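Have a look at the structure below before the remarks.
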Amino acid sequence: MADAAAAGSRRAAVLGRPVGHSLSPLLHRAAYAALGLDDWTYDALDVGAEDLPVLLAGLGEEWRGFSVTMPCKQAAADVADVVEPLPRLLHAANTLVRTEAGWRAENTDVLGVGTTLQQAGVASVDRAAIVGAGGTAAAAAVALASLGAAHVDVVVREPGRAGDLLRVLDTLGVPTTVLSLASAVVDAEVVVSTVPVGGQEAVARLPWTAGQTVLDVLYDPWPTPLATAVTEAGGTVVGGLEVLFWQATAQVELMTGQPAPLVAMRGALDAAVGLR
């Protein structure tokens, strides 16, 4: 009986380096418990981008899916057997799902950013800005375009490193202006910051104003210097926990084939970050 149970088990995990701080296990395990998926487990695997091809090639059929975080998102898109249009456009996958055709690359970051903005009251946007130019910035570009952005300011420390983000925006047909972080005036109504902790002080010094809605994709520690600056200026701030939550709900559905139990997942997240 034990062997039969083991044979029917399903495994999933978050991949990245580092992953010890990830809240993905908390969210996915809460989902499994609520769905009655007692034979599913979810772990955190410390894996570098260079390790991904060998790891995937050696896994058994019990492995059903992966959440993929930095620095493995580009590698996940490269190594997958099937790449959906969105991760192909972004050249980044944050989700791998086992299929009969092999590993399929998906990207739920776009849904995470878009849903977070909508939940914050952004039904549509005309002029937007993205601070930073990494993989999450590219996902934000697609989300903003889906909300109708007619122009996006790209605010970066080094304009020469914005090539991938500008390629995505050009493919989407969204006009852009590249601004230097050192001297930018960000007057867009909706702003998404993807700047890591080390660059927060510079972003916080930008001249924020009342009426702006700013999504800071960071969530630990919170509030960030940017969040504090925007709040003090009278703007609206939403943090990266919301992006984490909504992209995880989509991952649960992709991996298990069942609707994500939103209440259970939200409860687990709130309890973990002390909101209750």
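Residues in the structure tokens are named by chain (A, B, ... in the order shown) and by number from 1 within that chain; ligands are numbered from 1 in the order shown.
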What's the 7 Å shell around Ala250 in chain A, counting only C-alpha atoms, without same-chain residues fewer than 4 positions away, as number ranges by chain?
A: 108, 246, 254
If you take only C-alpha atoms and a cut-off of 10 Å, which residues of range 229-258 of chain A touch range 7-30 of chain A, and what are their nearest atom pairs and distances in Å to one decimal, in chain and number order, as JSON lines?
{"residue": "A:Leu241", "atom": "CA", "partner": "A:Leu23", "partner_atom": "CA", "distance": 9.2}
{"residue": "A:Leu244", "atom": "CA", "partner": "A:Ser24", "partner_atom": "CA", "distance": 7.9}
{"residue": "A:Phe245", "atom": "CA", "partner": "A:Leu27", "partner_atom": "CA", "distance": 7.6}
{"residue": "A:Gln247", "atom": "CA", "partner": "A:Ser24", "partner_atom": "CA", "distance": 9.9}
{"residue": "A:Ala248", "atom": "CA", "partner": "A:Leu27", "partner_atom": "CA", "distance": 7.1}
{"residue": "A:Thr249", "atom": "CA", "partner": "A:His28", "partner_atom": "CA", "distance": 8.3}
{"residue": "A:Gln251", "atom": "CA", "partner": "A:His28", "partner_atom": "CA", "distance": 8.6}
{"residue": "A:Val252", "atom": "CA", "partner": "A:His28", "partner_atom": "CA", "distance": 6.7}
{"residue": "A:Met255", "atom": "CA", "partner": "A:Ala12", "partner_atom": "CA", "distance": 8.3}
{"residue": "A:Thr256", "atom": "CA", "partner": "A:Arg10", "partner_atom": "CA", "distance": 9.5}
Which residues are close to Val142 in chain A, i.e. within 8 Å by only C-alpha atoms, leaving aside same-chain residues fewer than 6 positions away? Reply as a compact mmCIF listing (two decimals) with N, CA, C and O atoms, in the first residue's frame.
# COMPACT_ATOMS: atom_id res chain seq x y z
N VAL A 110 2.91 38.20 -15.69
CA VAL A 110 2.10 39.23 -16.34
C VAL A 110 0.72 39.30 -15.68
O VAL A 110 0.21 40.38 -15.37
N VAL A 168 10.53 44.32 -26.13
CA VAL A 168 9.19 43.85 -25.81
C VAL A 168 8.17 44.95 -26.08
O VAL A 168 7.12 44.72 -26.70
N LEU A 169 8.46 46.17 -25.62
CA LEU A 169 7.53 47.28 -25.82
C LEU A 169 7.35 47.59 -27.31
O LEU A 169 6.25 47.91 -27.77
N LEU A 172 5.09 45.10 -28.83
CA LEU A 172 3.71 45.38 -28.42
C LEU A 172 3.15 46.63 -29.08
O LEU A 172 1.96 46.93 -28.96
All residues 6 Å or closer to Thr95 in chain A, only C-alpha atoms, same chain fewer than 5 positions away omitted, as a ChimeraX atom specification
/A:66-68,105-107
Write the residues you've just listed into a file as a PDB file, in the first residue's frame, and include N, CA and C atoms for each of them.
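Contents of the output file selection36.pdb:
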ATOM      1  N   PHE A  66       6.989  23.453 -11.725  1.00  0.00           N
ATOM      2  CA  PHE A  66       7.931  24.290 -10.988  1.00  0.00           C
ATOM      3  C   PHE A  66       7.536  25.755 -11.088  1.00  0.00           C
ATOM      4  N   SER A  67       7.647  26.439  -9.968  1.00  0.00           N
ATOM      5  CA  SER A  67       7.684  27.896  -9.977  1.00  0.00           C
ATOM      6  C   SER A  67       9.154  28.257 -10.181  1.00  0.00           C
ATOM      7  N   VAL A  68       9.420  29.223 -11.036  1.00  0.00           N
ATOM      8  CA  VAL A  68      10.806  29.551 -11.380  1.00  0.00           C
ATOM      9  C   VAL A  68      11.081  31.005 -11.023  1.00  0.00           C
ATOM     10  N   ALA A 105       6.762  25.810 -20.924  1.00  0.00           N
ATOM     11  CA  ALA A 105       7.080  27.076 -20.267  1.00  0.00           C
ATOM     12  C   ALA A 105       5.880  28.015 -20.314  1.00  0.00           C
ATOM     13  N   GLU A 106       5.561  28.578 -19.157  1.00  0.00           N
ATOM     14  CA  GLU A 106       4.477  29.545 -19.034  1.00  0.00           C
ATOM     15  C   GLU A 106       5.015  30.773 -18.288  1.00  0.00           C
ATOM     16  N   ASN A 107       4.264  31.873 -18.331  1.00  0.00           N
ATOM     17  CA  ASN A 107       4.630  33.042 -17.545  1.00  0.00           C
ATOM     18  C   ASN A 107       3.384  33.611 -16.898  1.00  0.00           C
TER      19      ASN A 107
END
Where in range 18-132 of chain A does DSSP assign alpha helix (DSSP H), given as a PyMOL selection string?
chain A and resi 24-35+52-57+73-79+85-90+109-119
Two-atom distance - CA of Val174 in chain A, CA of Ala139 in chain A (Å):
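Separation between CA of Val174 in chain A and CA of Ala139 in chain A: 13.8 Å.
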Determine, counting only C-alpha atoms, which protein, DNA and RNA residues have an atom within 7 Å of an atom of range 154-158 of chain A; residues of the same chain fewer than 4 positions away are not included. Present the result as a tab-separated table (two decimals) with all heavy atoms, in the first residue's frame.
chain	number	residue	atom	x	y	z
A	129	ALA	N	4.86	54.19	-16.44
A	129	ALA	CA	6.32	54.16	-16.35
A	129	ALA	C	6.76	52.86	-15.71
A	129	ALA	O	6.05	52.30	-14.86
A	129	ALA	CB	6.84	55.35	-15.54
A	130	ILE	N	7.91	52.39	-16.13
A	130	ILE	CA	8.53	51.22	-15.54
A	130	ILE	C	9.91	51.63	-15.07
A	130	ILE	O	10.70	52.19	-15.85
A	130	ILE	CB	8.65	50.06	-16.55
A	130	ILE	CG1	7.26	49.62	-17.03
A	130	ILE	CG2	9.39	48.88	-15.94
A	130	ILE	CD1	7.31	48.63	-18.19
A	131	VAL	N	10.21	51.37	-13.82
A	131	VAL	CA	11.53	51.67	-13.27
A	131	VAL	C	12.29	50.36	-13.16
A	131	VAL	O	11.86	49.44	-12.46
A	131	VAL	CB	11.44	52.36	-11.90
A	131	VAL	CG1	12.82	52.84	-11.45
A	131	VAL	CG2	10.46	53.53	-11.95
A	132	GLY	N	13.41	50.27	-13.87
A	132	GLY	CA	14.15	49.01	-13.95
A	132	GLY	C	13.92	48.37	-15.30
A	132	GLY	O	13.00	48.74	-16.03
A	133	ALA	N	14.77	47.40	-15.64
A	133	ALA	CA	14.69	46.84	-16.99
A	133	ALA	C	14.93	45.34	-17.05
A	133	ALA	O	15.27	44.80	-18.10
A	133	ALA	CB	15.69	47.54	-17.90
A	176	THR	N	7.84	54.52	-26.43
A	176	THR	CA	8.58	54.62	-25.17
A	176	THR	C	9.48	55.85	-25.16
A	176	THR	O	9.87	56.37	-26.21
A	176	THR	CB	9.46	53.38	-24.94
A	176	THR	OG1	10.40	53.28	-26.02
A	176	THR	CG2	8.64	52.12	-24.86
A	177	THR	N	9.80	56.28	-23.95
A	177	THR	CA	10.83	57.28	-23.72
A	177	THR	C	11.75	56.73	-22.65
A	177	THR	O	11.28	56.26	-21.60
A	177	THR	CB	10.23	58.61	-23.24
A	177	THR	OG1	9.32	59.11	-24.22
A	177	THR	CG2	11.33	59.64	-23.00
A	178	VAL	N	13.05	56.73	-22.90
A	178	VAL	CA	14.02	56.24	-21.93
A	178	VAL	C	14.54	57.40	-21.11
A	178	VAL	O	15.02	58.40	-21.66
A	178	VAL	CB	15.18	55.51	-22.62
A	178	VAL	CG1	16.19	55.00	-21.58
A	178	VAL	CG2	14.67	54.34	-23.46
A	179	LEU	N	14.42	57.29	-19.80
A	179	LEU	CA	14.85	58.35	-18.88
A	179	LEU	C	15.94	57.82	-17.95
A	179	LEU	O	15.93	56.65	-17.56
A	179	LEU	CB	13.67	58.83	-18.03
A	179	LEU	CG	12.43	59.33	-18.79
A	179	LEU	CD1	11.30	59.63	-17.80
A	179	LEU	CD2	12.76	60.56	-19.61
A	180	SER	N	16.86	58.69	-17.59
A	180	SER	CA	17.92	58.32	-16.65
A	180	SER	C	17.40	58.43	-15.23
A	180	SER	O	16.79	59.43	-14.84
A	180	SER	CB	19.12	59.24	-16.83
A	180	SER	OG	20.05	59.04	-15.77
A	181	LEU	N	17.65	57.40	-14.44
A	181	LEU	CA	17.21	57.39	-13.05
A	181	LEU	C	17.77	58.57	-12.27
A	181	LEU	O	17.12	59.10	-11.36
A	181	LEU	CB	17.62	56.07	-12.38
A	181	LEU	CG	17.25	55.89	-10.91
A	181	LEU	CD1	15.75	55.96	-10.71
A	181	LEU	CD2	17.79	54.56	-10.39
A	182	ALA	N	18.95	59.02	-12.65
A	182	ALA	CA	19.61	60.09	-11.90
A	182	ALA	C	18.89	61.43	-12.02
A	182	ALA	O	18.99	62.28	-11.12
A	182	ALA	CB	21.05	60.24	-12.37
Long-range neighbours of Pro175 in chain A as a PyMOL selection string, 10 Å cut-off, only C-alpha atoms, 2 positions minimum in chain:
chain A and resi 149-153+166+169-170+172-173+177
Could you list, as an NGL selection string, every residue within 10 Å of range 73-75 of chain A, counting only C-alpha atoms and ignoring same-chain residues fewer than 2 positions away?
:A and (15-16 or 48-53 or 67-71 or 77-80 or 87-88 or 90-96 or 105 or 107 or 135-136)
Pull N, CA, C and O atoms from the residues just selected and write them as a compact mmCIF listing (two decimals), in the first residue's frame.
# COMPACT_ATOMS: atom_id res chain seq x y z
N LEU A 15 12.14 26.87 -7.98
CA LEU A 15 13.54 26.78 -8.35
C LEU A 15 14.16 28.17 -8.39
O LEU A 15 13.56 29.10 -8.91
N GLY A 16 15.37 28.29 -7.88
CA GLY A 16 16.06 29.57 -7.94
C GLY A 16 17.23 29.59 -6.99
O GLY A 16 17.53 28.60 -6.32
N GLY A 48 20.87 26.93 -9.74
CA GLY A 48 21.33 28.01 -10.60
C GLY A 48 20.89 27.77 -12.03
O GLY A 48 20.50 26.65 -12.40
N ALA A 49 20.95 28.79 -12.85
CA ALA A 49 20.51 28.68 -14.25
C ALA A 49 21.27 27.59 -14.99
O ALA A 49 20.70 26.84 -15.79
N GLU A 50 22.55 27.47 -14.70
CA GLU A 50 23.37 26.48 -15.41
C GLU A 50 23.02 25.05 -15.02
O GLU A 50 23.32 24.10 -15.76
N ASP A 51 22.36 24.88 -13.88
CA ASP A 51 22.01 23.54 -13.39
C ASP A 51 20.68 23.05 -13.95
O ASP A 51 20.36 21.86 -13.85
N LEU A 52 19.88 23.95 -14.51
CA LEU A 52 18.50 23.61 -14.85
C LEU A 52 18.36 22.50 -15.88
O LEU A 52 17.55 21.58 -15.69
N PRO A 53 19.11 22.51 -16.99
CA PRO A 53 18.93 21.45 -17.98
C PRO A 53 19.17 20.05 -17.42
O PRO A 53 18.40 19.12 -17.69
N SER A 67 7.65 26.44 -9.97
CA SER A 67 7.68 27.90 -9.98
C SER A 67 9.15 28.26 -10.18
O SER A 67 10.03 27.65 -9.56
N VAL A 68 9.42 29.22 -11.04
CA VAL A 68 10.81 29.55 -11.38
C VAL A 68 11.08 31.01 -11.02
O VAL A 68 10.37 31.91 -11.46
N THR A 69 12.11 31.22 -10.21
CA THR A 69 12.49 32.57 -9.84
C THR A 69 13.93 32.82 -10.31
O THR A 69 14.55 31.97 -10.95
N MET A 70 14.43 34.01 -10.00
CA MET A 70 15.78 34.36 -10.44
C MET A 70 16.80 33.43 -9.80
O MET A 70 16.62 33.01 -8.66
N PRO A 71 17.87 33.08 -10.55
CA PRO A 71 18.25 33.56 -11.88
C PRO A 71 17.89 32.59 -13.01
O PRO A 71 18.60 32.53 -14.01
N ALA A 77 12.92 29.21 -20.04
CA ALA A 77 12.36 29.41 -21.38
C ALA A 77 13.21 28.71 -22.44
O ALA A 77 12.70 28.21 -23.45
N ASP A 78 14.52 28.66 -22.21
CA ASP A 78 15.42 28.05 -23.18
C ASP A 78 15.34 26.52 -23.17
O ASP A 78 15.44 25.88 -24.22
N VAL A 79 15.16 25.93 -21.99
CA VAL A 79 15.26 24.48 -21.88
C VAL A 79 13.92 23.78 -22.07
O VAL A 79 13.88 22.56 -22.29
N ALA A 80 12.82 24.51 -22.01
CA ALA A 80 11.50 23.89 -22.12
C ALA A 80 11.29 23.24 -23.48
O ALA A 80 11.81 23.71 -24.50
N PRO A 87 5.99 33.63 -22.66
CA PRO A 87 7.40 33.47 -22.27
C PRO A 87 8.36 33.57 -23.45
O PRO A 87 9.51 33.98 -23.27
N ARG A 88 7.87 33.26 -24.64
CA ARG A 88 8.74 33.44 -25.82
C ARG A 88 9.00 34.92 -26.06
O ARG A 88 10.13 35.33 -26.35
N LEU A 90 8.84 37.34 -23.83
CA LEU A 90 9.62 37.88 -22.71
C LEU A 90 11.00 37.25 -22.59
O LEU A 90 11.87 37.80 -21.92
N HIS A 91 11.20 36.11 -23.25
CA HIS A 91 12.39 35.28 -23.05
C HIS A 91 12.59 35.02 -21.56
O HIS A 91 13.69 35.12 -21.02
N ALA A 92 11.47 34.69 -20.90
CA ALA A 92 11.50 34.40 -19.47
C ALA A 92 10.26 33.60 -19.10
O ALA A 92 9.16 33.94 -19.50
N ALA A 93 10.47 32.53 -18.36
CA ALA A 93 9.37 31.69 -17.88
C ALA A 93 9.46 31.61 -16.36
O ALA A 93 10.53 31.33 -15.83
N ASN A 94 8.34 31.85 -15.69
CA ASN A 94 8.34 31.69 -14.24
C ASN A 94 7.59 30.43 -13.82
O ASN A 94 7.41 30.18 -12.65
N THR A 95 7.19 29.62 -14.82
CA THR A 95 6.45 28.40 -14.55
C THR A 95 6.82 27.33 -15.56
O THR A 95 6.91 27.62 -16.76
N LEU A 96 7.04 26.12 -15.07
CA LEU A 96 7.24 24.96 -15.93
C LEU A 96 6.21 23.90 -15.53
O LEU A 96 6.04 23.60 -14.35
N ALA A 105 6.76 25.81 -20.92
CA ALA A 105 7.08 27.08 -20.27
C ALA A 105 5.88 28.01 -20.31
O ALA A 105 5.27 28.21 -21.37
N ASN A 107 4.26 31.87 -18.33
CA ASN A 107 4.63 33.04 -17.55
C ASN A 107 3.38 33.61 -16.90
O ASN A 107 2.48 34.09 -17.59
N GLY A 135 13.74 41.10 -16.10
CA GLY A 135 12.67 40.24 -16.56
C GLY A 135 11.30 40.61 -16.02
O GLY A 135 10.30 40.54 -16.73
N THR A 136 11.25 41.05 -14.77
CA THR A 136 9.97 41.46 -14.20
C THR A 136 9.47 42.73 -14.88
O THR A 136 8.27 42.94 -15.05
Measuring atom to atom with only C-alpha atoms, identify which of A:Gly134, A:Pro159, A:Gly36, A:Gly102 is nearest to Glu61 in chain A.
A:Gly102
Check the DSSP output for the backbone and give back, as a ChimeraX atom specification, the residues of range 129-160 of chain A in strand (DSSP E).
/A:129-131,151-156
Can you write out the residues you just picked, keeping N, CA and C atoms, as a PDB file, in the first residue's frame?
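As a result, result_30.pdb now contains:
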ATOM      1  N   ALA A 129       4.859  54.192 -16.443  1.00  0.00           N
ATOM      2  CA  ALA A 129       6.316  54.161 -16.349  1.00  0.00           C
ATOM      3  C   ALA A 129       6.755  52.858 -15.711  1.00  0.00           C
ATOM      4  N   ILE A 130       7.906  52.391 -16.134  1.00  0.00           N
ATOM      5  CA  ILE A 130       8.532  51.216 -15.543  1.00  0.00           C
ATOM      6  C   ILE A 130       9.915  51.630 -15.074  1.00  0.00           C
ATOM      7  N   VAL A 131      10.211  51.374 -13.818  1.00  0.00           N
ATOM      8  CA  VAL A 131      11.531  51.671 -13.268  1.00  0.00           C
ATOM      9  C   VAL A 131      12.293  50.356 -13.156  1.00  0.00           C
ATOM     10  N   HIS A 151       1.711  54.994 -23.846  1.00  0.00           N
ATOM     11  CA  HIS A 151       3.114  55.403 -23.792  1.00  0.00           C
ATOM     12  C   HIS A 151       3.704  54.901 -22.482  1.00  0.00           C
ATOM     13  N   VAL A 152       4.936  54.426 -22.529  1.00  0.00           N
ATOM     14  CA  VAL A 152       5.609  53.950 -21.324  1.00  0.00           C
ATOM     15  C   VAL A 152       6.972  54.613 -21.221  1.00  0.00           C
ATOM     16  N   ASP A 153       7.209  55.289 -20.097  1.00  0.00           N
ATOM     17  CA  ASP A 153       8.545  55.802 -19.786  1.00  0.00           C
ATOM     18  C   ASP A 153       9.350  54.676 -19.149  1.00  0.00           C
ATOM     19  N   VAL A 154      10.542  54.457 -19.652  1.00  0.00           N
ATOM     20  CA  VAL A 154      11.443  53.450 -19.094  1.00  0.00           C
ATOM     21  C   VAL A 154      12.539  54.181 -18.330  1.00  0.00           C
ATOM     22  N   VAL A 155      12.541  54.017 -17.014  1.00  0.00           N
ATOM     23  CA  VAL A 155      13.471  54.740 -16.154  1.00  0.00           C
ATOM     24  C   VAL A 155      14.544  53.769 -15.665  1.00  0.00           C
ATOM     25  N   VAL A 156      15.786  54.012 -16.060  1.00  0.00           N
ATOM     26  CA  VAL A 156      16.866  53.074 -15.757  1.00  0.00           C
ATOM     27  C   VAL A 156      18.140  53.816 -15.383  1.00  0.00           C
TER      28      VAL A 156
END
Out of A:Leu35, A:Ala145, A:Val243, A:Val82, which residue has the shortest atom-to-atom distance to Asp109 in chain A when counting only C-alpha atoms?
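The closest residue to Asp109 in chain A is A:Val243.
In terms of minimum interatomic distance to Val83 in chain A, A:Trp103 ranks closest within A:Trp208, A:Tyr219, A:Trp103, A:Tyr32, counting only C-alpha atoms.
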